[in-house]
>>> print(open('coords-v7.cif').read())   # mmCIF, C-alpha atoms and all ligand atoms
data_run
loop_
_atom_site.label_atom_id
_atom_site.label_comp_id
_atom_site.auth_asym_id
_atom_site.auth_seq_id
_atom_site.Cartn_x
_atom_site.Cartn_y
_atom_site.Cartn_z
CA MET E 65 112.54 88.44 158.25
CA PRO E 66 109.07 88.47 156.69
CA LYS E 67 107.80 85.74 154.38
CA ILE E 68 105.13 87.19 152.13
CA ALA E 69 102.96 85.39 149.59
CA ILE E 70 101.19 87.49 146.96
CA THR E 71 98.22 86.15 145.02
CA GLY E 72 95.20 87.40 143.12
CA LYS E 73 93.50 87.24 139.77
CA GLY E 74 95.66 87.64 136.67
CA GLY E 75 96.51 91.24 135.86
CA VAL E 76 95.58 92.77 139.23
CA GLY E 77 99.16 93.76 140.01
CA LYS E 78 100.78 90.89 141.93
CA THR E 79 104.05 91.24 140.09
CA THR E 80 104.00 95.01 140.45
CA LEU E 81 103.50 94.72 144.22
CA THR E 82 106.21 92.05 144.45
CA ALA E 83 108.70 94.34 142.73
CA LEU E 84 107.72 97.33 144.86
CA LEU E 85 107.91 95.50 148.20
CA SER E 86 111.18 93.81 147.23
CA TYR E 87 112.66 97.19 146.40
CA VAL E 88 111.42 98.72 149.65
CA TYR E 89 112.76 95.90 151.83
CA ALA E 90 116.10 95.84 150.01
CA ARG E 91 116.39 99.60 150.52
CA ARG E 92 115.86 98.97 154.22
CA GLY E 93 118.91 96.73 154.20
CA GLN E 94 117.21 93.36 154.16
CA ASP E 95 118.44 90.37 152.18
CA VAL E 96 115.50 89.93 149.81
CA ILE E 97 114.67 87.05 147.52
CA ALA E 98 111.76 87.52 145.12
CA ILE E 99 110.38 84.32 143.68
CA ASP E 100 108.55 84.22 140.38
CA ALA E 101 106.16 81.37 141.10
CA ASP E 102 103.60 82.33 138.46
CA PRO E 103 104.11 80.26 135.30
CA ALA E 104 102.65 83.19 133.36
CA GLY E 105 104.77 85.60 135.35
CA ASN E 106 107.19 88.25 134.26
CA LEU E 107 108.83 89.31 137.46
CA GLY E 108 112.11 90.18 135.74
CA LEU E 109 110.40 92.77 133.57
CA ALA E 110 108.89 94.55 136.57
CA PHE E 111 112.45 94.88 137.90
CA GLY E 112 113.59 96.32 134.57
CA LEU E 113 115.77 93.29 133.98
CA PRO E 114 117.33 93.50 130.49
CA ALA E 115 115.91 90.91 128.08
CA HIS E 116 119.11 88.85 127.83
CA LEU E 117 119.33 88.53 131.62
CA ASP E 118 115.64 87.77 131.88
CA ALA E 119 116.12 84.96 129.36
CA ALA E 120 119.06 83.67 131.39
CA LEU E 121 116.85 83.33 134.46
CA LYS E 122 115.77 79.77 133.72
CA PRO E 123 112.87 78.24 135.63
CA ILE E 124 113.98 75.62 138.17
CA ALA E 125 111.16 73.33 136.98
CA GLU E 126 112.89 73.11 133.59
CA MET E 127 116.35 72.23 134.91
CA GLU E 128 116.15 68.55 134.09
CA ASP E 129 119.66 67.60 135.10
CA LEU E 130 119.29 69.32 138.45
CA ILE E 131 115.93 67.64 139.04
CA TYR E 132 117.31 64.20 138.25
CA GLU E 133 120.49 64.76 140.22
CA ARG E 134 118.72 66.01 143.36
CA THR E 135 115.74 63.70 143.43
CA GLY E 136 117.52 60.60 142.16
CA ALA E 137 114.73 60.06 139.64
CA GLN E 138 115.66 58.05 136.57
CA LYS E 139 115.64 59.75 133.19
CA GLY E 140 113.08 58.40 130.74
CA THR E 141 110.94 56.65 133.32
CA ILE E 142 107.53 57.62 134.56
CA GLY E 143 106.68 56.91 138.15
CA GLY E 144 109.53 55.12 139.84
CA VAL E 145 111.24 55.97 143.07
CA PHE E 146 112.71 59.35 143.90
CA ARG E 147 113.60 61.37 146.95
CA LEU E 148 110.86 63.58 148.39
CA ASN E 149 113.36 65.58 150.44
CA PRO E 150 116.06 66.49 147.93
CA LYS E 151 118.94 68.77 148.86
CA VAL E 152 117.93 72.32 147.96
CA ASP E 153 119.78 74.66 150.32
CA ASP E 154 122.32 75.75 147.70
CA ILE E 155 119.76 76.33 144.94
CA PRO E 156 118.62 79.87 145.90
CA ASP E 157 122.16 81.25 145.79
CA THR E 158 123.31 79.26 142.78
CA PHE E 159 120.37 79.81 140.46
CA SER E 160 119.11 83.23 141.42
CA LEU E 161 120.14 86.40 139.70
CA ARG E 162 120.99 89.46 141.73
CA HIS E 163 119.53 92.62 140.31
CA ARG E 164 119.02 96.00 141.98
CA GLY E 165 119.89 94.52 145.36
CA VAL E 166 117.31 91.73 145.15
CA ARG E 167 117.77 88.05 144.36
CA LEU E 168 115.40 86.86 141.66
CA LEU E 169 114.50 83.21 141.27
CA ARG E 170 112.07 81.66 138.80
CA LEU E 171 110.26 78.47 139.67
CA GLY E 172 108.36 77.64 136.49
CA THR E 173 105.29 75.49 136.05
CA VAL E 174 104.26 72.92 138.58
CA ARG E 175 102.95 69.91 136.73
CA ALA E 176 99.30 69.53 137.66
CA GLY E 177 97.84 66.09 138.13
CA GLY E 178 94.91 65.99 140.44
CA ALA E 179 95.53 66.16 144.14
CA GLY E 180 99.27 66.64 144.35
CA CYS E 181 100.95 64.97 141.41
CA LEU E 182 103.98 63.08 142.57
CA CYS E 183 106.61 63.98 140.06
CA PRO E 184 110.27 64.76 140.72
CA GLU E 185 110.06 68.41 139.67
CA ASN E 186 107.17 69.02 142.04
CA ALA E 187 109.10 67.38 144.86
CA LEU E 188 112.07 69.64 144.17
CA LEU E 189 109.99 72.83 143.98
CA LYS E 190 108.10 71.96 147.13
CA ALA E 191 111.29 71.27 149.04
CA LEU E 192 112.77 74.50 147.73
CA VAL E 193 109.81 76.67 148.76
CA THR E 194 109.72 75.00 152.16
CA HIS E 195 113.42 75.69 152.60
CA LEU E 196 112.97 79.35 151.61
CA LEU E 197 110.03 79.80 153.98
CA LEU E 198 112.07 78.49 156.87
CA ARG E 199 115.21 80.52 156.14
CA ARG E 200 115.30 82.97 159.01
CA ASN E 201 117.52 85.75 157.79
CA GLN E 202 116.02 86.38 154.40
CA THR E 203 112.96 88.33 153.33
CA LEU E 204 110.91 86.23 150.94
CA ILE E 205 108.34 87.54 148.53
CA LEU E 206 106.50 84.92 146.57
CA ASP E 207 104.79 86.17 143.39
CA MET E 208 102.16 83.48 142.87
CA GLU E 209 99.20 82.81 140.63
CA ALA E 210 95.56 82.84 141.71
CA GLY E 211 95.92 79.85 144.00
CA VAL E 212 98.07 78.16 146.59
CA GLU E 213 100.39 76.10 144.41
CA HIS E 214 103.79 75.75 146.06
CA LEU E 215 102.37 76.10 149.56
CA GLY E 216 101.20 73.22 151.70
CA ARG E 217 99.87 72.27 155.08
CA GLY E 218 103.32 71.88 156.54
CA THR E 219 104.48 75.38 155.68
CA ALA E 220 101.31 77.47 155.95
CA SER E 221 102.26 78.73 159.38
CA ALA E 222 105.57 80.09 158.05
CA VAL E 223 103.72 82.58 155.84
CA ASP E 224 103.64 85.87 157.73
CA ALA E 225 101.34 87.59 155.28
CA PHE E 226 99.16 86.08 152.59
CA ILE E 227 98.31 89.09 150.48
CA ILE E 228 95.47 88.95 147.98
CA VAL E 229 95.69 91.79 145.49
CA VAL E 230 92.39 93.08 144.13
CA GLU E 231 91.20 95.76 141.79
CA PRO E 232 88.10 97.79 142.57
CA GLY E 233 85.84 95.42 140.64
CA LEU E 234 83.68 92.42 141.32
CA ARG E 235 85.71 89.95 139.26
CA SER E 236 88.96 90.21 141.15
CA LEU E 237 87.06 90.37 144.45
CA GLY E 238 85.29 87.12 143.53
CA THR E 239 88.63 85.52 142.79
CA ALA E 240 89.88 86.79 146.15
CA GLU E 241 87.12 84.86 147.92
CA GLN E 242 88.01 81.68 146.04
CA ILE E 243 91.70 82.06 146.87
CA ARG E 244 90.91 82.73 150.49
CA HIS E 245 88.89 79.53 150.63
CA LEU E 246 91.70 77.44 149.09
CA ALA E 247 94.30 79.00 151.36
CA SER E 248 92.20 78.49 154.49
CA GLU E 249 92.00 74.80 153.66
CA ILE E 250 95.77 74.39 153.89
CA GLY E 251 95.93 76.35 157.13
CA ILE E 252 96.91 79.84 155.99
CA LYS E 253 95.87 82.34 158.65
CA ARG E 254 97.21 85.83 158.09
CA PHE E 255 95.18 87.13 155.16
CA TYR E 256 95.38 90.68 153.90
CA LEU E 257 93.97 92.57 150.95
CA VAL E 258 95.81 95.13 148.92
CA ALA E 259 93.71 97.20 146.56
CA ASN E 260 95.51 98.20 143.39
CA LYS E 261 94.73 100.64 140.56
CA VAL E 262 92.71 102.73 142.98
CA ARG E 263 91.52 105.99 141.41
CA GLY E 264 90.03 107.60 144.50
CA PRO E 265 88.27 107.12 147.82
CA GLU E 266 85.20 105.57 146.14
CA ASP E 267 87.34 102.74 144.82
CA GLU E 268 88.72 102.01 148.26
CA THR E 269 85.23 102.12 149.76
CA PHE E 270 84.04 99.70 147.08
CA VAL E 271 86.74 97.20 148.07
CA ARG E 272 86.04 97.60 151.79
CA GLN E 273 82.33 97.05 151.26
CA HIS E 274 82.75 93.92 149.24
CA VAL E 275 85.31 92.09 151.32
CA ALA E 276 84.45 93.53 154.67
CA ASP E 277 86.01 90.76 156.72
CA LEU E 278 89.51 90.81 155.24
CA PRO E 279 91.84 93.51 156.55
CA LEU E 280 92.83 96.04 153.93
CA LEU E 281 96.57 96.44 154.28
CA GLY E 282 96.81 99.32 151.87
CA SER E 283 96.02 100.69 148.46
CA LEU E 284 98.14 101.45 145.46
CA PRO E 285 96.94 104.31 143.31
CA PHE E 286 96.29 103.90 139.63
CA SER E 287 99.51 105.14 138.07
CA LEU E 288 100.12 106.24 134.52
CA THR E 289 103.87 106.04 135.11
CA ALA E 290 103.47 102.37 136.09
CA VAL E 291 101.79 101.83 132.74
CA ALA E 292 104.65 103.67 131.04
CA ALA E 293 107.22 101.59 132.95
CA ASP E 294 105.59 98.41 131.69
CA GLN E 295 105.56 99.74 128.15
CA GLY E 296 109.18 100.85 128.34
CA GLY E 297 110.54 97.76 130.08
CA SER E 298 111.85 99.80 132.99
CA ALA E 299 111.58 99.04 136.68
CA VAL E 300 108.26 100.08 138.17
CA PHE E 301 109.96 101.40 141.33
CA ASP E 302 112.09 103.79 139.25
CA GLN E 303 109.14 105.26 137.41
CA ALA E 304 106.35 105.42 139.98
CA PRO E 305 107.41 107.11 143.25
CA GLU E 306 103.79 107.24 144.41
CA LEU E 307 103.66 103.44 144.24
CA VAL E 308 106.93 103.14 146.16
CA ALA E 309 105.47 105.40 148.85
CA ALA E 310 102.36 103.22 149.04
CA ALA E 311 104.53 100.09 149.29
CA GLU E 312 106.50 101.74 152.12
CA ARG E 313 103.26 102.20 154.05
CA ILE E 314 102.30 98.58 153.45
CA ALA E 315 105.70 97.41 154.72
CA ASP E 316 105.29 99.62 157.80
CA ARG E 317 101.86 98.20 158.54
CA LEU E 318 103.13 94.66 158.18
CA ALA E 319 106.00 95.38 160.53
CA ALA E 320 103.55 96.75 163.09
CA MET E 321 101.36 93.61 163.09
N1 LIG E 401 98.85 100.82 140.19
C1 LIG E 401 98.83 100.59 138.86
N2 LIG E 401 98.46 101.57 138.01
C2 LIG E 401 98.41 101.35 136.68
N3 LIG E 401 98.76 100.19 136.10
C3 LIG E 401 99.14 99.19 136.90
C4 LIG E 401 99.21 99.33 138.31
N4 LIG E 401 99.63 98.15 138.84
C5 LIG E 401 99.83 97.32 137.80
N5 LIG E 401 99.53 97.93 136.62
C6 LIG E 401 99.61 97.36 135.29
O1 LIG E 401 98.70 96.28 135.18
C7 LIG E 401 99.26 95.23 134.41
C8 LIG E 401 99.28 93.94 135.22
O2 LIG E 401 100.15 94.09 136.33
P1 LIG E 401 100.97 92.87 136.92
O3 LIG E 401 101.68 93.37 138.10
O4 LIG E 401 101.77 92.23 135.85
O5 LIG E 401 99.75 91.92 137.35
P2 LIG E 401 99.75 90.37 137.76
O6 LIG E 401 101.13 90.00 138.18
O7 LIG E 401 98.77 90.29 138.87
O8 LIG E 401 99.28 89.61 136.56
C9 LIG E 401 100.65 95.70 134.00
O9 LIG E 401 100.58 96.25 132.71
C10 LIG E 401 100.97 96.75 135.02
O10 LIG E 401 101.87 97.71 134.54
MG MG E 402 102.39 88.54 137.47
#
>>> encode(input="coords-v7.cif", output="structure tokens")
Amino acid sequence: MPKIAITGKGGVGKTTLTALLSYVYARRGQDVIAIDADPAGNLGLAFGLPAHLDAALKPIAEMEDLIYERTGAQKGTIGGVFRLNPKVDDIPDTFSLRHRGVRLLRLGTVRAGGAGCLCPENALLKALVTHLLLRRNQTLILDMEAGVEHLGRGTASAVDAFIIVVEPGLRSLGTAEQIRHLASEIGIKRFYLVANKVRGPEDETFVRQHVADLPLLGSLPFSLTAVAADQGGSAVFDQAPELVAAAERIADRLAAM
């Protein structure tokens, strides 16, 4: 089952695409887990998750007791010894929330600290993402930020599609180049672009011209009903059939690669 990472500049539509693809794969009968790996993310809202359930979906990075229990780190100490390969295989089922046929899991903020801060929560998140990438029978969609946090050299080859979402504008295309560079450095290979908020053929041509060497997997049209869905707190896939259709085509293309 496909393992898909979705990145791009803030606001381009990563979370929207994550929700759409999750919905499409779940409708095709796949066991889908969608991971909110963007600390500024709001994946639950794109799924139309009611506020009280969204609040109940606690980030793994903030589950102190779990982090201490699994890594063996000592409370109240900085540094110290802890396990780098904590048990994580039960975490996806235990701490995810099933909604509209998709499992949702929130990772929370990875503590930054130069080149790979060694803290227990990072060790747990890293082990968890690695485990999810290697789980054969589950479709994984990782809603990330504009970078490669959570991925590493060891797991790059497990990513079937590294999708960079762009808008038809120079700023998000510039960010796409930076992300591509970072991702190449850890060994990511299968890069794809998805153009979002496309208003017509000129927009698609603009994207093709500016990132000529990255394959364009598909385009999502600019959608007023997607805007309305965001304003109304309803699921984007319920409100914007034209975006669902575009996500279907993207899923078909991925399957054909
Ligand atoms: N195809 C689209 N047409 C119109 N608005 C869109 C479209 N895709 C996303 N949006 C809107 O753009 C905003 C940012 O989308 P989001 O998916 O949250 O981006 P990201 O996760 O990359 O920050 C949201 O308000 C969303 O509703
Ligand atoms: Mg987002």
>>> residues_near_ligand(input="coords-v7.cif", ligand="ligand LIG 401 (chain E)", cutoff="6 Å", atoms="only C-alpha atoms and all ligand atoms", output="list in words")
Gly74, Gly75, Val76, Gly77, Lys78, Thr79, Thr80, Asn260, Lys261, Leu284, Pro285, Phe286, Ser287, Leu288, Ala290, Val291 and Asp294 of chain E
>>> closest_atom_pairs(input="coords-v7.cif", of="region 231-297 of chain E", to="region 190-210 of chain E", cutoff="12 Å", atoms="all atoms listed in the file", output="JSON lines")
{"residue": "E:Ser236", "atom": "CA", "partner": "E:Ala210", "partner_atom": "CA", "distance": 9.9}
{"residue": "E:Leu237", "atom": "CA", "partner": "E:Ala210", "partner_atom": "CA", "distance": 11.7}
{"residue": "E:Gly238", "atom": "CA", "partner": "E:Ala210", "partner_atom": "CA", "distance": 11.3}
{"residue": "E:Thr239", "atom": "CA", "partner": "E:Ala210", "partner_atom": "CA", "distance": 7.5}
{"residue": "E:Ala240", "atom": "CA", "partner": "E:Ala210", "partner_atom": "CA", "distance": 8.2}
{"residue": "E:Glu241", "atom": "CA", "partner": "E:Ala210", "partner_atom": "CA", "distance": 10.7}
{"residue": "E:Gln242", "atom": "CA", "partner": "E:Ala210", "partner_atom": "CA", "distance": 8.8}
{"residue": "E:Ile243", "atom": "CA", "partner": "E:Ala210", "partner_atom": "CA", "distance": 6.5}
{"residue": "E:Arg244", "atom": "CA", "partner": "E:Ala210", "partner_atom": "CA", "distance": 9.9}
{"residue": "E:His245", "atom": "CA", "partner": "E:Ala210", "partner_atom": "CA", "distance": 11.6}
{"residue": "E:Leu246", "atom": "CA", "partner": "E:Ala210", "partner_atom": "CA", "distance": 9.9}
{"residue": "E:Ala247", "atom": "CA", "partner": "E:Ala210", "partner_atom": "CA", "distance": 10.5}
>>> residues_around(input="coords-v7.cif", residues="Ile314 (chain E)", least_positions_apart="2", cutoff="10 Å", atoms="all atoms listed in the file", output="ChimeraX atom specification")
/E:85,88,258,280-284,308-312,316-320
>>> residues_around(input="coords-v7.cif", residues="Val96 (chain E)", least_positions_apart="3", cutoff="12 Å", atoms="only C-alpha atoms", output="PyMOL selection string")
chain E and resi 65-68+82-93+99+156-157+160-169+196+199-206
>>> closest_residue(input="coords-v7.cif", among="E:Glu249, E:Asp100, E:Asp95, E:Asp129", to="ligand MG 402 (chain E)", atoms="only C-alpha atoms and all ligand atoms")
E:Asp100
>>> closest_residue(input="coords-v7.cif", among="E:Gly211, E:Gly112, E:Ala315, E:Lys151", to="Ala225 (chain E)", atoms="only C-alpha atoms")
E:Ala315
>>> closest_residue(input="coords-v7.cif", among="E:Arg147, E:Arg217, E:Arg235, E:Lys73", to="ligand MG 402 (chain E)", atoms="all atoms listed in the file")
E:Lys73
>>> atom_distance(input="coords-v7.cif", atom1="CA of Ala292 (chain E)", atom2="CA of Leu117 (chain E)")
21.1 Å
>>> axis_aligned_box(input="coords-v7.cif", around="region 211-215 of chain E", padding_each_side="5 Å", output="AutoDock Vina command-line options")
--center_x 99.9 --center_y 77.8 --center_z 146.8 --size_x 17.9 --size_y 14.1 --size_z 15.6
>>> residues_around(input="coords-v7.cif", residues="Ala259 (chain E)", least_positions_apart="4", cutoff="6 Å", atoms="all atoms listed in the file", output="ChimeraX atom specification")
/E:229-231,283
>>> closest_residue(input="coords-v7.cif", among="E:Thr135, E:Arg170, E:Lys253, E:Leu130", to="ligand MG 402 (chain E)", atoms="only C-alpha atoms and all ligand atoms")
E:Arg170
>>> atom_distance(input="coords-v7.cif", atom1="CA of Arg263 (chain E)", atom2="CA of Asp302 (chain E)")
20.8 Å
>>> atom_distance(input="coords-v7.cif", atom1="CA of Asp154 (chain E)", atom2="CA of Leu189 (chain E)")
13.2 Å
>>> build_atoms(input="coords-v7.cif", residues="region 257-269 of chain E", atoms="N, CA and C atoms", output="short mmCIF file (atom, residue, chain, number, x, y, z; two decimals), in the coordinates of the input")
data_model
loop_
_atom_site.label_atom_id
_atom_site.label_comp_id
_atom_site.auth_asym_id
_atom_site.auth_seq_id
_atom_site.Cartn_x
_atom_site.Cartn_y
_atom_site.Cartn_z
N LEU E 257 94.27 92.08 152.29
CA LEU E 257 93.97 92.57 150.95
C LEU E 257 94.85 93.76 150.65
N VAL E 258 95.26 93.87 149.41
CA VAL E 258 95.81 95.13 148.92
C VAL E 258 95.00 95.51 147.70
N ALA E 259 94.47 96.71 147.71
CA ALA E 259 93.71 97.20 146.56
C ALA E 259 94.65 97.93 145.62
N ASN E 260 94.62 97.57 144.36
CA ASN E 260 95.51 98.20 143.39
C ASN E 260 94.69 98.95 142.35
N LYS E 261 95.36 99.85 141.65
CA LYS E 261 94.73 100.64 140.56
C LYS E 261 93.55 101.45 141.11
N VAL E 262 93.75 101.96 142.30
CA VAL E 262 92.71 102.73 142.98
C VAL E 262 92.72 104.17 142.48
N ARG E 263 91.58 104.64 142.01
CA ARG E 263 91.52 105.99 141.41
C ARG E 263 91.03 107.04 142.39
N GLY E 264 90.52 106.61 143.53
CA GLY E 264 90.03 107.60 144.50
C GLY E 264 89.37 106.90 145.65
N PRO E 265 88.87 107.69 146.61
CA PRO E 265 88.27 107.12 147.82
C PRO E 265 87.10 106.18 147.53
N GLU E 266 86.36 106.44 146.45
CA GLU E 266 85.20 105.57 146.14
C GLU E 266 85.68 104.15 145.83
N ASP E 267 86.81 104.06 145.15
CA ASP E 267 87.34 102.74 144.82
C ASP E 267 87.71 101.97 146.09
N GLU E 268 88.31 102.67 147.02
CA GLU E 268 88.72 102.01 148.26
C GLU E 268 87.48 101.58 149.05
N THR E 269 86.48 102.45 149.07
CA THR E 269 85.23 102.12 149.76
C THR E 269 84.58 100.89 149.12
#
